[in-house]
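As provided, start_6.txt (compact mmCIF, C-alpha atoms) reads as follows.
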```
# COMPACT_ATOMS: atom_id res chain seq x y z
CA MET A 282 14.94 22.95 23.96
CA SER A 283 14.04 24.38 20.54
CA GLU A 284 16.77 22.27 18.94
CA THR A 285 15.24 19.13 20.49
CA ILE A 286 11.77 20.00 19.17
CA ILE A 287 13.05 20.67 15.64
CA LEU A 288 15.20 17.53 15.57
CA ALA A 289 12.28 15.39 16.75
CA ALA A 290 10.02 16.87 14.04
CA VAL A 291 12.71 16.37 11.39
CA TRP A 292 13.17 12.79 12.57
CA PHE A 293 9.43 12.14 12.17
CA ALA A 294 9.39 13.87 8.77
CA GLN A 295 12.32 11.84 7.48
CA ILE A 296 10.80 8.55 8.64
CA ALA A 297 7.43 9.45 7.06
CA LEU A 298 9.04 10.52 3.77
CA ALA A 299 11.17 7.37 3.67
CA MET A 300 8.02 5.27 4.10
CA ALA A 301 6.36 7.34 1.36
CA MET A 302 9.29 6.65 -0.98
CA CYS A 303 9.04 2.91 -0.22
CA LEU A 304 5.31 2.96 -1.06
CA CYS A 305 6.04 4.79 -4.34
CA THR A 306 8.67 2.20 -5.21
CA TRP A 307 6.20 -0.60 -4.50
CA ARG A 308 3.66 0.97 -6.85
CA MET A 309 6.37 1.44 -9.48
CA ILE A 310 7.27 -2.25 -9.31
CA ALA A 311 3.68 -3.50 -9.10
CA GLY A 312 2.47 -1.46 -12.08
CA PRO A 313 0.06 -2.56 -13.51
CA ARG A 314 0.56 -0.24 -16.51
CA ALA A 315 3.12 2.28 -17.72
CA GLN A 316 1.12 5.32 -16.62
CA ASP A 317 1.03 4.01 -13.03
CA ARG A 318 4.80 3.68 -13.10
CA ILE A 319 5.24 7.25 -14.38
CA LEU A 320 2.83 8.56 -11.74
CA SER A 321 4.72 6.80 -8.97
CA LEU A 322 8.02 8.14 -10.35
CA ASP A 323 6.53 11.63 -10.14
CA ALA A 324 5.46 11.07 -6.51
CA LEU A 325 8.88 9.53 -5.76
CA TYR A 326 10.86 12.55 -6.90
CA VAL A 327 8.60 14.90 -4.95
CA CYS A 328 9.23 12.81 -1.83
CA ALA A 329 12.98 12.84 -2.51
CA MET A 330 12.86 16.63 -2.85
CA LEU A 331 11.05 16.97 0.50
CA GLN A 332 13.55 14.55 2.03
CA LEU A 333 16.39 16.84 0.93
CA LEU A 334 14.58 19.84 2.44
CA ALA A 335 14.29 17.97 5.76
CA PHE A 336 17.97 17.06 5.55
CA GLY A 337 18.83 20.71 4.96
CA ILE A 338 16.88 21.71 8.09
CA ARG A 339 18.67 19.05 10.12
CA THR A 340 22.15 20.13 9.08
CA GLY A 341 21.35 23.87 8.99
CA ARG A 342 22.99 24.39 5.57
CA THR A 343 21.37 25.92 2.50
CA ILE A 344 23.28 23.82 -0.05
CA TYR A 345 20.62 21.08 0.15
CA PHE A 346 17.99 23.60 -0.93
CA GLU A 347 19.74 23.96 -4.30
CA ALA A 348 19.88 20.18 -4.71
CA ALA A 349 16.14 20.01 -3.98
CA LEU A 350 15.45 22.72 -6.56
CA ILE A 351 17.41 20.82 -9.23
CA ILE A 352 15.52 17.60 -8.43
CA GLY A 353 12.23 19.48 -8.80
CA MET A 354 13.12 20.97 -12.18
CA LEU A 355 14.58 17.77 -13.66
CA GLY A 356 11.68 15.68 -12.35
CA PHE A 357 9.17 17.98 -14.04
CA VAL A 358 10.96 17.63 -17.39
CA ALA A 359 11.25 13.85 -16.95
CA THR A 360 7.55 13.37 -16.20
CA VAL A 361 6.42 15.61 -19.06
CA SER A 362 8.66 13.83 -21.57
CA LEU A 363 7.55 10.38 -20.36
CA ALA A 364 3.87 11.37 -20.62
CA LYS A 365 4.50 12.69 -24.13
CA PHE A 366 6.25 9.44 -25.00
CA LEU A 367 3.20 7.48 -23.86
CA MET A 368 0.95 9.70 -25.97
CA ARG A 369 2.96 9.87 -29.20
CA GLY A 370 5.55 7.12 -29.11
CA GLU A 371 8.39 9.64 -29.38
CA VAL A 372 9.51 12.61 -27.33
CA ILE A 373 10.70 15.12 -29.95
CA GLU A 374 8.69 15.16 -33.18
CA MET B 137 25.70 29.56 4.74
CA SER B 138 25.16 27.57 7.89
CA VAL B 139 22.95 28.20 10.93
CA HIS B 140 22.67 26.62 14.37
CA LEU B 141 19.33 25.15 15.39
CA ALA B 142 19.85 26.22 19.02
CA ASP B 143 19.51 29.89 17.93
CA VAL B 144 15.86 29.36 16.95
CA PRO B 145 13.38 30.80 19.51
CA LEU B 146 10.91 28.39 21.07
CA TRP B 147 7.74 29.67 19.36
CA ALA B 148 9.39 29.44 15.93
CA ALA B 149 10.59 25.92 16.70
CA ILE B 150 7.08 24.77 17.67
CA LEU B 151 5.56 26.40 14.57
CA ALA B 152 8.19 24.88 12.27
CA ALA B 153 7.78 21.46 13.91
CA PHE B 154 4.02 21.66 13.28
CA PHE B 155 4.56 22.45 9.60
CA LEU B 156 7.20 19.72 9.26
CA VAL B 157 4.89 17.07 10.71
CA LEU B 158 1.97 18.34 8.61
CA GLY B 159 3.94 18.33 5.36
CA ALA B 160 5.55 14.95 5.82
CA GLY B 161 2.32 13.39 7.07
CA LEU B 162 0.39 14.65 4.03
CA ALA B 163 3.09 13.36 1.67
CA LEU B 164 2.89 9.95 3.34
CA LEU B 165 -0.94 10.01 3.16
CA GLY B 166 -0.77 10.79 -0.57
CA THR B 167 1.48 7.82 -1.30
CA ILE B 168 -0.74 5.53 0.82
CA GLY B 169 -3.55 6.62 -1.49
CA LEU B 170 -1.31 5.93 -4.49
CA VAL B 171 -0.87 2.35 -3.31
CA ARG B 172 -4.41 1.62 -2.12
CA LEU B 173 -6.78 3.24 -4.65
CA PRO B 174 -8.12 0.77 -7.25
CA THR B 175 -7.97 2.51 -10.67
CA PHE B 176 -5.43 4.80 -12.33
CA TYR B 177 -7.86 7.71 -12.63
CA GLN B 178 -8.40 7.60 -8.85
CA ARG B 179 -4.73 7.09 -8.11
CA ILE B 180 -3.71 10.17 -10.08
CA HIS B 181 -5.41 12.37 -7.46
CA ALA B 182 -3.65 10.96 -4.41
CA PRO B 183 -0.02 12.24 -4.74
CA THR B 184 -1.24 15.82 -5.18
CA LEU B 185 -1.64 15.90 -1.38
CA GLY B 186 2.13 15.66 -1.18
CA THR B 187 2.76 18.21 -3.92
CA SER B 188 0.35 20.85 -2.58
CA TRP B 189 0.32 21.09 1.22
CA GLY B 190 3.08 18.54 1.66
CA ALA B 191 5.62 20.64 -0.21
CA ILE B 192 4.25 23.93 1.13
CA GLY B 193 4.41 22.70 4.73
CA MET B 194 8.04 21.60 4.42
CA VAL B 195 8.97 24.82 2.62
CA LEU B 196 7.27 26.95 5.29
CA ALA B 197 9.07 25.04 8.06
CA SER B 198 12.42 25.54 6.33
CA MET B 199 11.71 29.26 5.81
CA ILE B 200 10.70 29.74 9.47
CA ILE B 201 13.76 27.94 10.82
CA PHE B 202 16.31 29.67 8.57
CA THR B 203 14.71 33.08 9.12
CA ALA B 204 14.63 32.66 12.91
CA ALA B 205 18.11 31.18 13.16
CA SER B 206 19.96 33.62 10.92
CA GLY B 207 18.13 36.76 12.11
CA ARG B 208 17.26 38.00 8.61
CA LEU B 209 14.51 37.20 6.13
CA VAL B 210 15.29 33.99 4.20
CA LEU B 211 12.74 33.43 1.44
CA HIS B 212 14.55 31.46 -1.25
CA GLU B 213 12.76 28.19 -0.35
CA ILE B 214 9.57 29.74 -1.72
CA LEU B 215 11.01 29.08 -5.20
CA ILE B 216 10.50 25.35 -4.64
CA GLY B 217 6.95 25.92 -3.43
CA ILE B 218 6.02 28.04 -6.45
CA PHE B 219 7.71 25.69 -8.89
CA VAL B 220 6.05 22.55 -7.54
CA THR B 221 2.64 24.24 -7.35
CA VAL B 222 2.87 25.44 -10.96
CA THR B 223 4.32 22.31 -12.58
CA THR B 224 2.29 19.55 -10.90
CA PRO B 225 -1.04 20.30 -12.69
CA VAL B 226 0.79 20.43 -16.03
CA THR B 227 2.44 17.05 -15.61
CA LEU B 228 -0.63 15.33 -14.19
CA MET B 229 -2.93 16.67 -16.92
CA MET B 230 -0.52 15.46 -19.60
CA LEU B 231 -0.25 12.08 -17.89
CA GLY B 232 -4.03 11.79 -17.55
CA ARG B 233 -4.54 12.64 -21.21
CA SER B 234 -1.97 10.10 -22.39
CA ALA B 235 -3.51 7.43 -20.13
CA LEU B 236 -6.96 8.26 -21.54
CA TYR B 237 -5.55 8.05 -25.08
CA ARG B 238 -4.04 4.64 -24.36
CA ASP B 239 -7.25 3.33 -22.79
CA ARG B 240 -9.34 4.58 -25.72
CA SER B 241 -7.05 3.14 -28.35
CA GLU B 242 -7.40 -0.23 -26.63
CA ARG B 243 -11.22 0.12 -26.50
CA ASN B 244 -11.17 -0.20 -22.73
CA PRO B 245 -14.86 -0.26 -21.65
CA GLU B 246 -14.18 1.71 -18.45
CA VAL B 247 -13.50 5.01 -20.27
CA PRO B 248 -15.66 6.99 -22.74
CA GLN B 249 -14.70 6.06 -26.29
CA PHE B 250 -13.81 8.16 -29.32
CA GLY B 251 -16.95 9.47 -30.97
CA ALA B 252 -19.05 9.21 -27.80
CA SER B 253 -18.23 12.81 -26.92
CA ASP B 254 -15.44 13.61 -29.32
CA ALA B 255 -16.49 17.21 -29.81
CA ASP B 256 -15.76 18.15 -26.22
CA ASP B 257 -12.79 16.20 -24.98
CA ASP B 258 -12.71 17.83 -21.56
CA THR B 259 -16.15 16.62 -20.49
CA ALA B 260 -15.22 13.09 -21.51
CA GLN B 261 -12.10 13.30 -19.40
CA GLY B 262 -14.02 14.67 -16.46
CA ALA B 263 -16.58 11.88 -16.71
CA SER B 264 -13.90 9.21 -16.66
```
Show me, as structure tokens, the structure contained in the file I just sent.
Amino acid sequence: MSETIILAAVWFAQIALAMAMCLCTWRMIAGPRAQDRILSLDALYVCAMLQLLAFGIRTGRTIYFEAALIIGMLGFVATVSLAKFLMRGEVIE
Amino acid sequence: MSVHLADVPLWAAILAAFFLVLGAGLALLGTIGLVRLPTFYQRIHAPTLGTSWGAIGMVLASMIIFTAASGRLVLHEILIGIFVTVTTPVTLMMLGRSALYRDRSERNPEVPQFGASDADDDTAQGAS
């Protein structure tokens, strides 16, 4: 019974996060400017991280948690360096 | 480490399912806002739904399920919650400032220009 409830909720969460990732991709393609694309990349990696968390709940293994943590850290660095590139024209001065 | 979902008691399963649906629904709502809002300065607010309660809801659901299934306290998912909560304002403030810099250097009439309120940059950003 409890397994059925959790699997149904994880199914809903994965569908919703997949739709969210599709919407982020659409905004990344549509633009219109570079800052919109960076913002949608930021939202996309957060959705991918949540997707991995949902996948970890479904399989019952903790290895996906570490993958989600790595995505979170690398995505932060990527967004900060891209924003700095927009501001200055170079990342490391 | 691996757990079986059938070991989770019913009340924990219902609570975790609620947080899962809440978190994923808020993340989806944030990206709908990202697609539908008209200007960049409005769009930058929308995905924070997914990074605040979206991430916290999923993390809470994962913590509840792993704690209830393994019979001991499992708190390591809270690292993700703390990290996302701390880093999102930093990235979005840097992105907003660089977007404002680009708009000002192009003399975009929709944002306050250099010299209009140059002494206090933060009020100019808040007004945009």
Which residues of region 153-264 of chain B come within 10 Å of region 336-345 of chain A, and for each one, what is the closest pair of atoms and their distance in Å to one decimal, counting all atoms listed in the file, sorted by chain and residue number, as a tab-separated table?
```
residue	atom	partner	partner_atom	distance
B:Leu156	CA	A:Ile338	CA	10.0
B:Met194	CA	A:Ile338	CA	9.6
B:Ala197	CA	A:Ile338	CA	8.5
B:Ser198	CA	A:Ile338	CA	6.1
B:Met199	CA	A:Ile338	CA	9.4
B:Ile201	CA	A:Ile338	CA	7.5
B:Phe202	CA	A:Gly341	CA	7.7
B:Ala205	CA	A:Gly341	CA	9.0
B:His212	CA	A:Thr343	CA	9.6
B:Glu213	CA	A:Thr343	CA	9.3
```
>> Distance limit 6 Å, atoms considered: all atoms listed in the file. Which chain B residues sit that close to chain A? Return them as an MDAnalysis selection string.
In response: chainID B and resid 137:139 141:142 146 149 153 157 160 164 167 171 183 216 227 231 234
Residue selection dump (C-alpha atoms) as a short mmCIF file (atom, residue, chain, number, x, y, z; two decimals), in the frame of the given file:
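What landed in out-v3.cif:
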```cif
data_model
loop_
_atom_site.label_atom_id
_atom_site.label_comp_id
_atom_site.auth_asym_id
_atom_site.auth_seq_id
_atom_site.Cartn_x
_atom_site.Cartn_y
_atom_site.Cartn_z
CA MET B 137 25.70 29.56 4.74
CA SER B 138 25.16 27.57 7.89
CA VAL B 139 22.95 28.20 10.93
CA LEU B 141 19.33 25.15 15.39
CA ALA B 142 19.85 26.22 19.02
CA LEU B 146 10.91 28.39 21.07
CA ALA B 149 10.59 25.92 16.70
CA ALA B 153 7.78 21.46 13.91
CA VAL B 157 4.89 17.07 10.71
CA ALA B 160 5.55 14.95 5.82
CA LEU B 164 2.89 9.95 3.34
CA THR B 167 1.48 7.82 -1.30
CA VAL B 171 -0.87 2.35 -3.31
CA PRO B 183 -0.02 12.24 -4.74
CA ILE B 216 10.50 25.35 -4.64
CA THR B 227 2.44 17.05 -15.61
CA LEU B 231 -0.25 12.08 -17.89
CA SER B 234 -1.97 10.10 -22.39
#
```
> Looking at B:Pro248, B:Thr203, B:Val222, B:Gly166, which one is nearest to Ile180 (chain B), with distances taken over all atoms listed in the file?
Replying inline: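 Once distances to Ile180 (chain B) are computed over all atoms listed in the file, the minimum belongs to B:Gly166.
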>> As an exercise, work out the distance from CA of Gly186 (chain B) to CA of Leu170 (chain B) in Å and give it to one decimal place.
In response: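 Between these atoms lies a distance of 10.8 Å.
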> Which is closer to Leu151 (chain B) than all the others in B:Ala182, B:Ile200, B:Arg240, B:Ser188, using only C-alpha atoms?
Replying inline: B:Ile200
>> Applying 8 Å and all atoms listed in the file, which residues near Thr187 (chain B) remain after dropping the ones on its own chain fewer than 6 positions away? List them as a list in words.
In response: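 Selected residues are Val327 of chain A; Ala163, Val220, Thr221 and Thr224 of chain B.
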>> What does the structure give for the distance between CA of Gly232 (chain B) and CA of His181 (chain B), in Å to one decimal?
In response: 10.2 Å
> So what do you get for CA of Pro145 (chain B) versus CA of Leu158 (chain B), distance-wise?
Replying inline: 20.1 Å
Regenerate region 333-350 of chain A at the level of N, CA and C atoms and dump it as a short mmCIF file (atom, residue, chain, number, x, y, z; two decimals), keeping the file's coordinate frame.
```cif
data_model
loop_
_atom_site.label_atom_id
_atom_site.label_comp_id
_atom_site.auth_asym_id
_atom_site.auth_seq_id
_atom_site.Cartn_x
_atom_site.Cartn_y
_atom_site.Cartn_z
N LEU A 333 15.21 15.97 0.95
CA LEU A 333 16.39 16.84 0.93
C LEU A 333 16.13 18.12 1.71
N LEU A 334 14.91 18.65 1.65
CA LEU A 334 14.58 19.84 2.44
C LEU A 334 14.71 19.53 3.94
N ALA A 335 14.18 18.35 4.35
CA ALA A 335 14.29 17.97 5.76
C ALA A 335 15.75 17.80 6.17
N PHE A 336 16.54 17.24 5.26
CA PHE A 336 17.97 17.06 5.55
C PHE A 336 18.67 18.41 5.69
N GLY A 337 18.26 19.38 4.85
CA GLY A 337 18.83 20.71 4.96
C GLY A 337 18.48 21.38 6.28
N ILE A 338 17.25 21.15 6.79
CA ILE A 338 16.88 21.71 8.09
C ILE A 338 17.72 21.06 9.19
N ARG A 339 17.92 19.75 9.08
CA ARG A 339 18.67 19.05 10.12
C ARG A 339 20.12 19.54 10.20
N THR A 340 20.76 19.72 9.04
CA THR A 340 22.15 20.13 9.08
C THR A 340 22.31 21.65 9.19
N GLY A 341 21.24 22.41 8.89
CA GLY A 341 21.35 23.87 8.99
C GLY A 341 22.12 24.50 7.85
N ARG A 342 22.27 23.82 6.72
CA ARG A 342 22.99 24.39 5.57
C ARG A 342 22.00 24.60 4.42
N THR A 343 22.29 25.61 3.60
CA THR A 343 21.37 25.92 2.50
C THR A 343 21.76 25.22 1.20
N ILE A 344 22.85 24.46 1.20
CA ILE A 344 23.28 23.82 -0.05
C ILE A 344 22.27 22.76 -0.48
N TYR A 345 21.59 22.13 0.50
CA TYR A 345 20.62 21.08 0.15
C TYR A 345 19.39 21.67 -0.52
N PHE A 346 19.10 22.95 -0.26
CA PHE A 346 17.99 23.60 -0.93
C PHE A 346 18.22 23.63 -2.44
N GLU A 347 19.46 23.91 -2.86
CA GLU A 347 19.74 23.96 -4.30
C GLU A 347 19.61 22.58 -4.93
N ALA A 348 20.05 21.54 -4.20
CA ALA A 348 19.88 20.18 -4.71
C ALA A 348 18.40 19.85 -4.87
N ALA A 349 17.58 20.27 -3.90
CA ALA A 349 16.14 20.01 -3.98
C ALA A 349 15.52 20.74 -5.16
N LEU A 350 15.98 21.96 -5.43
CA LEU A 350 15.45 22.72 -6.56
C LEU A 350 15.79 22.04 -7.88
#
```
